[in-house]
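Peer 1: A single structure is presented below for examination.
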Amino acid sequence: MIPQATGGHLIQVTNTGETFRCTHERNLLAGMEQLGRKGIPVGCRNGGCGVCKVRVIEGEVDRRKMSRAVIAADEEQEGYALACRIYPRSDLRVDVVGKMARAVEARQVGSNKEI
Ligand code: FES
């Protein structure tokens with residue numbers, strides 16, 4: 001069973017079709033952790049390492065400072081962001097990319113192993 005916070009915006013992970021709720025007060029990475037997925041990489045949680053990279057396909061977010069070393073300006077224009085540094089302002093559709101994608105997609109094929 002997926003634990004979910006009450007209220008907040010509905011976030012859909014396009015990789016798996018899963019949804020969870022995340023309030024504007026929580027960053028998207030903290031919200032994703034509600035999915036209870038083992039293997040979500042524990043990164044810096046401060047916009048510097050890039051392990052939590054996502055692409056916002058639809059919806060509005062507030063963005064906090066992110067390292068240009070991991071999110072280039074042109075990538076940001078295309079919707080790429082760091083989940084630990086964005087806060088949803090509306091319902092979202094996000095594509096998980098980079099290292100975290102493997103952990104998110106692992107459950108879809110029946111594996112819940114830590115990677
Ligand atoms: S956890 Fe390091 S950039 Fe998000």
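Every chain in the structure tokens takes a letter, A first, then B, and so on in the order presented; its residues are numbered from 1, and the ligands are numbered from 1 following the presented order.
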Contacts between ligand 1 and chain A, please, where a residue of chain A counts if it comes within 9 Å (with only C-alpha atoms and all ligand atoms); show its shortest atom pair and distance in Å to one decimal, rows by chain and ascending number, as a Markdown table.

Peer 2:
| residue | atom | partner | partner_atom_place_in_ligand_line | distance |
| --- | --- | --- | --- | --- |
| A:Leu29 | CA | ligand 1 | 4 (Fe) | 7.4 |
| A:Pro41 | CA | ligand 1 | 1 (S) | 7.7 |
| A:Val42 | CA | ligand 1 | 1 (S) | 6.4 |
| A:Gly43 | CA | ligand 1 | 1 (S) | 3.8 |
| A:Cys44 | CA | ligand 1 | 2 (Fe) | 3.9 |
| A:Arg45 | CA | ligand 1 | 1 (S) | 3.5 |
| A:Asn46 | CA | ligand 1 | 2 (Fe) | 5.4 |
| A:Gly47 | CA | ligand 1 | 3 (S) | 3.6 |
| A:Gly48 | CA | ligand 1 | 3 (S) | 4.5 |
| A:Cys49 | CA | ligand 1 | 2 (Fe) | 3.9 |
| A:Gly50 | CA | ligand 1 | 3 (S) | 4.0 |
| A:Val51 | CA | ligand 1 | 2 (Fe) | 5.4 |
| A:Cys52 | CA | ligand 1 | 4 (Fe) | 4.5 |
| A:Lys53 | CA | ligand 1 | 4 (Fe) | 6.9 |
| A:Met66 | CA | ligand 1 | 3 (S) | 7.3 |
| A:Ser67 | CA | ligand 1 | 3 (S) | 7.8 |
| A:Val70 | CA | ligand 1 | 3 (S) | 7.8 |
| A:Ala81 | CA | ligand 1 | 3 (S) | 8.9 |
| A:Leu82 | CA | ligand 1 | 4 (Fe) | 5.3 |
| A:Ala83 | CA | ligand 1 | 4 (Fe) | 5.8 |
| A:Cys84 | CA | ligand 1 | 4 (Fe) | 4.4 |
| A:Arg85 | CA | ligand 1 | 4 (Fe) | 6.7 |

Peer 1: How about saving the chosen residues, C-alpha atoms kept, as a PDB file, in the first residue's frame?

Peer 2:
ATOM      1  CA  LEU A  29      11.825  14.497  -3.845  1.00  0.00           C
ATOM      2  CA  PRO A  41      19.364   7.405  -4.274  1.00  0.00           C
ATOM      3  CA  VAL A  42      20.187   9.459  -1.239  1.00  0.00           C
ATOM      4  CA  GLY A  43      21.824  12.470  -2.744  1.00  0.00           C
ATOM      5  CA  CYS A  44      22.773  15.875  -1.447  1.00  0.00           C
ATOM      6  CA  ARG A  45      19.136  17.089  -1.247  1.00  0.00           C
ATOM      7  CA  ASN A  46      20.495  20.517  -1.982  1.00  0.00           C
ATOM      8  CA  GLY A  47      20.526  20.919  -5.759  1.00  0.00           C
ATOM      9  CA  GLY A  48      24.147  19.959  -6.268  1.00  0.00           C
ATOM     10  CA  CYS A  49      24.557  16.282  -7.161  1.00  0.00           C
ATOM     11  CA  GLY A  50      21.921  15.730  -9.840  1.00  0.00           C
ATOM     12  CA  VAL A  51      20.733  12.260  -8.796  1.00  0.00           C
ATOM     13  CA  CYS A  52      17.144  13.461  -8.433  1.00  0.00           C
ATOM     14  CA  LYS A  53      16.849  14.877 -11.948  1.00  0.00           C
ATOM     15  CA  MET A  66      20.193  24.383  -8.712  1.00  0.00           C
ATOM     16  CA  SER A  67      23.787  23.766  -9.729  1.00  0.00           C
ATOM     17  CA  VAL A  70      23.890  19.341 -13.239  1.00  0.00           C
ATOM     18  CA  ALA A  81      14.829  20.228 -12.815  1.00  0.00           C
ATOM     19  CA  LEU A  82      16.040  18.664  -9.587  1.00  0.00           C
ATOM     20  CA  ALA A  83      13.256  17.106  -7.552  1.00  0.00           C
ATOM     21  CA  CYS A  84      14.869  18.236  -4.291  1.00  0.00           C
ATOM     22  CA  ARG A  85      14.681  21.880  -5.469  1.00  0.00           C
TER      23      ARG A  85
END

Peer 1: List every residue of chain A that DSSP, applied to the backbone of this structure, assigns to helix (DSSP H, G or I), and report them as a list of chain:residue names.

Peer 2: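 Filtering chain A down to helix (DSSP H, G or I) leaves A:Leu28, A:Leu29, A:Ala30, A:Gly31, A:Met32, A:Glu33, A:Gln34, A:Leu35, A:Ala73, A:Asp74, A:Glu75, A:Glu76, A:Gln77, A:Ala83, A:Cys84, A:Arg85, A:Lys99, A:Met100, A:Ala101, A:Arg102, A:Ala103, A:Val104, A:Glu105, A:Ala106, A:Arg107, A:Gln108, A:Val109.
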
Peer 1: Write the selection just made, keeping N, CA and C atoms, as a PDB file, in the first residue's frame?

Peer 2:
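The resulting result_8.pdb:
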ATOM      1  N   LEU A  28       9.627  18.069  -4.304  1.00  0.00           N
ATOM      2  CA  LEU A  28       9.119  16.903  -5.025  1.00  0.00           C
ATOM      3  C   LEU A  28       9.822  15.612  -4.611  1.00  0.00           C
ATOM      4  N   LEU A  29      11.097  15.691  -4.267  1.00  0.00           N
ATOM      5  CA  LEU A  29      11.825  14.497  -3.845  1.00  0.00           C
ATOM      6  C   LEU A  29      11.217  13.942  -2.552  1.00  0.00           C
ATOM      7  N   ALA A  30      10.923  14.814  -1.609  1.00  0.00           N
ATOM      8  CA  ALA A  30      10.298  14.373  -0.355  1.00  0.00           C
ATOM      9  C   ALA A  30       8.947  13.727  -0.654  1.00  0.00           C
ATOM     10  N   GLY A  31       8.221  14.300  -1.601  1.00  0.00           N
ATOM     11  CA  GLY A  31       6.940  13.716  -1.982  1.00  0.00           C
ATOM     12  C   GLY A  31       7.109  12.338  -2.602  1.00  0.00           C
ATOM     13  N   MET A  32       8.112  12.191  -3.452  1.00  0.00           N
ATOM     14  CA  MET A  32       8.348  10.905  -4.124  1.00  0.00           C
ATOM     15  C   MET A  32       8.692   9.810  -3.123  1.00  0.00           C
ATOM     16  N   GLU A  33       9.318  10.198  -2.052  1.00  0.00           N
ATOM     17  CA  GLU A  33       9.700   9.215  -1.047  1.00  0.00           C
ATOM     18  C   GLU A  33       8.478   8.592  -0.381  1.00  0.00           C
ATOM     19  N   GLN A  34       7.339   9.251  -0.496  1.00  0.00           N
ATOM     20  CA  GLN A  34       6.104   8.662   0.027  1.00  0.00           C
ATOM     21  C   GLN A  34       5.736   7.378  -0.708  1.00  0.00           C
ATOM     22  N   LEU A  35       6.248   7.223  -1.914  1.00  0.00           N
ATOM     23  CA  LEU A  35       5.956   6.012  -2.671  1.00  0.00           C
ATOM     24  C   LEU A  35       6.575   4.794  -2.007  1.00  0.00           C
ATOM     25  N   ALA A  73      21.360  25.677 -18.434  1.00  0.00           N
ATOM     26  CA  ALA A  73      20.288  26.642 -18.693  1.00  0.00           C
ATOM     27  C   ALA A  73      19.341  26.137 -19.776  1.00  0.00           C
ATOM     28  N   ASP A  74      19.875  25.522 -20.837  1.00  0.00           N
ATOM     29  CA  ASP A  74      18.994  25.039 -21.901  1.00  0.00           C
ATOM     30  C   ASP A  74      18.148  23.854 -21.428  1.00  0.00           C
ATOM     31  N   GLU A  75      18.702  23.036 -20.538  1.00  0.00           N
ATOM     32  CA  GLU A  75      17.910  21.939 -19.976  1.00  0.00           C
ATOM     33  C   GLU A  75      16.752  22.490 -19.137  1.00  0.00           C
ATOM     34  N   GLU A  76      17.043  23.522 -18.372  1.00  0.00           N
ATOM     35  CA  GLU A  76      16.000  24.117 -17.535  1.00  0.00           C
ATOM     36  C   GLU A  76      14.871  24.653 -18.411  1.00  0.00           C
ATOM     37  N   GLN A  77      15.221  25.241 -19.553  1.00  0.00           N
ATOM     38  CA  GLN A  77      14.203  25.736 -20.492  1.00  0.00           C
ATOM     39  C   GLN A  77      13.330  24.601 -21.007  1.00  0.00           C
ATOM     40  N   ALA A  83      14.449  17.321  -8.380  1.00  0.00           N
ATOM     41  CA  ALA A  83      13.256  17.106  -7.552  1.00  0.00           C
ATOM     42  C   ALA A  83      13.411  17.683  -6.152  1.00  0.00           C
ATOM     43  N   CYS A  84      14.655  17.710  -5.650  1.00  0.00           N
ATOM     44  CA  CYS A  84      14.869  18.236  -4.291  1.00  0.00           C
ATOM     45  C   CYS A  84      14.773  19.753  -4.250  1.00  0.00           C
ATOM     46  N   ARG A  85      14.687  20.414  -5.432  1.00  0.00           N
ATOM     47  CA  ARG A  85      14.681  21.880  -5.469  1.00  0.00           C
ATOM     48  C   ARG A  85      13.444  22.462  -6.136  1.00  0.00           C
ATOM     49  N   LYS A  99      19.808   8.749 -12.591  1.00  0.00           N
ATOM     50  CA  LYS A  99      19.991   7.604 -11.697  1.00  0.00           C
ATOM     51  C   LYS A  99      18.716   7.185 -10.982  1.00  0.00           C
ATOM     52  N   MET A 100      17.876   8.121 -10.645  1.00  0.00           N
ATOM     53  CA  MET A 100      16.687   7.794  -9.872  1.00  0.00           C
ATOM     54  C   MET A 100      15.653   7.018 -10.708  1.00  0.00           C
ATOM     55  N   ALA A 101      15.709   7.153 -12.022  1.00  0.00           N
ATOM     56  CA  ALA A 101      14.741   6.467 -12.877  1.00  0.00           C
ATOM     57  C   ALA A 101      14.778   4.957 -12.668  1.00  0.00           C
ATOM     58  N   ARG A 102      15.953   4.390 -12.503  1.00  0.00           N
ATOM     59  CA  ARG A 102      16.066   2.934 -12.304  1.00  0.00           C
ATOM     60  C   ARG A 102      15.314   2.489 -11.061  1.00  0.00           C
ATOM     61  N   ALA A 103      15.441   3.261  -9.989  1.00  0.00           N
ATOM     62  CA  ALA A 103      14.766   2.907  -8.736  1.00  0.00           C
ATOM     63  C   ALA A 103      13.257   3.033  -8.882  1.00  0.00           C
ATOM     64  N   VAL A 104      12.827   4.080  -9.559  1.00  0.00           N
ATOM     65  CA  VAL A 104      11.391   4.311  -9.722  1.00  0.00           C
ATOM     66  C   VAL A 104      10.773   3.240 -10.606  1.00  0.00           C
ATOM     67  N   GLU A 105      11.487   2.859 -11.653  1.00  0.00           N
ATOM     68  CA  GLU A 105      10.945   1.901 -12.602  1.00  0.00           C
ATOM     69  C   GLU A 105      11.085   0.457 -12.124  1.00  0.00           C
ATOM     70  N   ALA A 106      11.943   0.207 -11.142  1.00  0.00           N
ATOM     71  CA  ALA A 106      12.200  -1.161 -10.686  1.00  0.00           C
ATOM     72  C   ALA A 106      10.941  -1.867 -10.235  1.00  0.00           C
ATOM     73  N   ARG A 107      10.069  -1.175  -9.526  1.00  0.00           N
ATOM     74  CA  ARG A 107       8.862  -1.784  -8.988  1.00  0.00           C
ATOM     75  C   ARG A 107       7.909  -2.216 -10.098  1.00  0.00           C
ATOM     76  N   GLN A 108       7.957  -1.500 -11.206  1.00  0.00           N
ATOM     77  CA  GLN A 108       7.038  -1.793 -12.302  1.00  0.00           C
ATOM     78  C   GLN A 108       7.244  -3.205 -12.841  1.00  0.00           C
ATOM     79  N   VAL A 109       8.466  -3.711 -12.784  1.00  0.00           N
ATOM     80  CA  VAL A 109       8.738  -5.050 -13.278  1.00  0.00           C
ATOM     81  C   VAL A 109       8.755  -6.067 -12.148  1.00  0.00           C
TER      82      VAL A 109
END

Peer 1: Work out how far atom CA of A:Arg93 is from atom CA of A:Lys65, in Å to one decimal.

Peer 2: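 Rounded to one decimal, the two atoms are 21.2 Å apart.
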
Peer 1: Name the residues in contact with stretch 87-92 of chain A at a cut-off of 9 Å, using only C-alpha atoms, excluding same-chain residues fewer than 4 positions from it; report them as a PDB file with C-alpha atoms, in the first residue's frame.

Peer 2:
ATOM      1  CA  GLY A   8      -1.673  18.699  -2.006  1.00  0.00           C
ATOM      2  CA  HIS A   9      -1.219  18.497  -5.717  1.00  0.00           C
ATOM      3  CA  LEU A  10      -1.548  15.276  -7.666  1.00  0.00           C
ATOM      4  CA  ILE A  11       1.792  14.249  -9.165  1.00  0.00           C
ATOM      5  CA  GLN A  12       1.943  11.636 -11.900  1.00  0.00           C
ATOM      6  CA  VAL A  13       5.205   9.836 -12.635  1.00  0.00           C
ATOM      7  CA  ARG A  21       0.269  13.872  -3.594  1.00  0.00           C
ATOM      8  CA  CYS A  22       2.683  16.637  -2.693  1.00  0.00           C
ATOM      9  CA  THR A  23       1.926  19.980  -1.090  1.00  0.00           C
ATOM     10  CA  HIS A  24       3.670  23.203  -2.113  1.00  0.00           C
ATOM     11  CA  GLU A  25       5.488  23.130   1.239  1.00  0.00           C
ATOM     12  CA  ARG A  26       7.352  19.911   0.357  1.00  0.00           C
ATOM     13  CA  ASN A  27       9.876  19.476  -2.380  1.00  0.00           C
ATOM     14  CA  LEU A  28       9.119  16.903  -5.025  1.00  0.00           C
ATOM     15  CA  VAL A  56       8.427  18.476 -15.693  1.00  0.00           C
ATOM     16  CA  ILE A  57       6.163  17.613 -18.624  1.00  0.00           C
ATOM     17  CA  GLU A  58       3.092  19.466 -17.411  1.00  0.00           C
ATOM     18  CA  GLY A  59       2.287  21.771 -14.525  1.00  0.00           C
ATOM     19  CA  GLU A  60       3.809  24.653 -12.591  1.00  0.00           C
ATOM     20  CA  VAL A  61       6.592  24.520 -10.016  1.00  0.00           C
ATOM     21  CA  ASP A  62       8.587  26.949  -7.909  1.00  0.00           C
ATOM     22  CA  ARG A  63      12.296  26.400  -8.430  1.00  0.00           C
ATOM     23  CA  ARG A  64      15.051  26.966  -5.903  1.00  0.00           C
ATOM     24  CA  ALA A  83      13.256  17.106  -7.552  1.00  0.00           C
TER      25      ALA A  83
END

Peer 1: Using Å and a single decimal, report how far atom CA of A:Gly36 sits from atom CA of A:Gly79.

Peer 2: 25.3 Å

Peer 1: Mind giving me the straight-line distance from atom CA of A:Glu18 to atom CA of A:Gly98 in Å, one decimal?

Peer 2: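 The value is 17.9 Å.
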
Peer 1: Could you pull out all residues of chain A with a DSSP call of strand (DSSP E or B) and give them as a list in words?

Peer 2: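 Answer for chain A restricted to strand (DSSP E or B) is His9, Leu10, Ile11, Gln12, Val13, Thr19, Phe20, Arg21, Cys22, Lys53, Val54, Arg55, Val56, Ile57, Glu58, Val61, Asp62, Arg63, Tyr80, Ala81, Leu82, Ile86, Tyr87, Pro88, Leu92, Arg93, Val94, Asp95 and Val96 of chain A.
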
Peer 1: Okay, now the selection with N, CA and C atoms, as a short mmCIF file (atom, residue, chain, number, x, y, z; two decimals), in the first residue's frame?

Peer 2:
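What follows is the written file selection23.cif:
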data_model
loop_
_atom_site.label_atom_id
_atom_site.label_comp_id
_atom_site.auth_asym_id
_atom_site.auth_seq_id
_atom_site.Cartn_x
_atom_site.Cartn_y
_atom_site.Cartn_z
N HIS A 9 -1.04 18.65 -4.28
CA HIS A 9 -1.22 18.50 -5.72
C HIS A 9 -0.99 17.05 -6.12
N LEU A 10 -1.69 16.64 -7.16
CA LEU A 10 -1.55 15.28 -7.67
C LEU A 10 -0.36 15.23 -8.63
N ILE A 11 0.59 14.37 -8.34
CA ILE A 11 1.79 14.25 -9.16
C ILE A 11 1.77 12.89 -9.85
N GLN A 12 1.88 12.90 -11.17
CA GLN A 12 1.94 11.64 -11.90
C GLN A 12 3.36 11.42 -12.41
N VAL A 13 3.89 10.22 -12.13
CA VAL A 13 5.21 9.84 -12.64
C VAL A 13 4.97 9.13 -13.96
N THR A 19 0.88 7.72 -9.12
CA THR A 19 0.58 9.07 -8.67
C THR A 19 0.82 9.17 -7.16
N PHE A 20 1.12 10.36 -6.74
CA PHE A 20 1.20 10.65 -5.30
C PHE A 20 0.83 12.11 -5.12
N ARG A 21 0.62 12.48 -3.87
CA ARG A 21 0.27 13.87 -3.59
C ARG A 21 1.43 14.57 -2.92
N CYS A 22 1.59 15.84 -3.26
CA CYS A 22 2.68 16.64 -2.69
C CYS A 22 2.20 18.07 -2.53
N LYS A 53 17.26 14.14 -10.75
CA LYS A 53 16.85 14.88 -11.95
C LYS A 53 15.53 14.36 -12.51
N VAL A 54 14.65 15.29 -12.83
CA VAL A 54 13.36 14.96 -13.44
C VAL A 54 13.11 15.95 -14.58
N ARG A 55 12.10 15.64 -15.39
CA ARG A 55 11.64 16.61 -16.38
C ARG A 55 10.16 16.87 -16.12
N VAL A 56 9.83 18.11 -15.92
CA VAL A 56 8.43 18.48 -15.69
C VAL A 56 7.76 18.58 -17.06
N ILE A 57 6.85 17.66 -17.33
CA ILE A 57 6.16 17.61 -18.62
C ILE A 57 4.98 18.57 -18.64
N GLU A 58 4.31 18.66 -17.50
CA GLU A 58 3.09 19.47 -17.41
C GLU A 58 2.94 19.97 -15.99
N VAL A 61 5.80 24.74 -11.23
CA VAL A 61 6.59 24.52 -10.02
C VAL A 61 7.32 25.81 -9.64
N ASP A 62 7.63 25.94 -8.36
CA ASP A 62 8.59 26.95 -7.91
C ASP A 62 9.94 26.28 -7.87
N ARG A 63 10.95 26.97 -8.37
CA ARG A 63 12.30 26.40 -8.43
C ARG A 63 13.21 27.14 -7.47
N TYR A 80 13.70 20.44 -17.46
CA TYR A 80 14.48 19.62 -16.53
C TYR A 80 14.68 20.37 -15.22
N ALA A 81 14.69 19.62 -14.14
CA ALA A 81 14.83 20.23 -12.82
C ALA A 81 15.31 19.16 -11.84
N LEU A 82 15.63 19.59 -10.64
CA LEU A 82 16.04 18.66 -9.59
C LEU A 82 14.88 18.54 -8.61
N ILE A 86 12.43 21.64 -6.36
CA ILE A 86 11.19 22.17 -6.94
C ILE A 86 10.01 21.85 -6.03
N TYR A 87 9.06 22.78 -6.04
CA TYR A 87 7.89 22.71 -5.16
C TYR A 87 6.65 22.89 -6.05
N PRO A 88 5.76 21.91 -6.04
CA PRO A 88 4.63 21.98 -6.97
C PRO A 88 3.67 23.13 -6.67
N LEU A 92 1.01 17.93 -11.44
CA LEU A 92 2.17 17.80 -12.33
C LEU A 92 2.19 16.44 -13.03
N ARG A 93 2.83 16.42 -14.18
CA ARG A 93 3.28 15.17 -14.81
C ARG A 93 4.78 15.29 -14.93
N VAL A 94 5.51 14.33 -14.36
CA VAL A 94 6.97 14.39 -14.39
C VAL A 94 7.55 13.08 -14.90
N ASP A 95 8.63 13.22 -15.62
CA ASP A 95 9.40 12.09 -16.11
C ASP A 95 10.64 12.01 -15.23
N VAL A 96 10.87 10.88 -14.60
CA VAL A 96 12.07 10.73 -13.79
C VAL A 96 13.20 10.28 -14.70
#
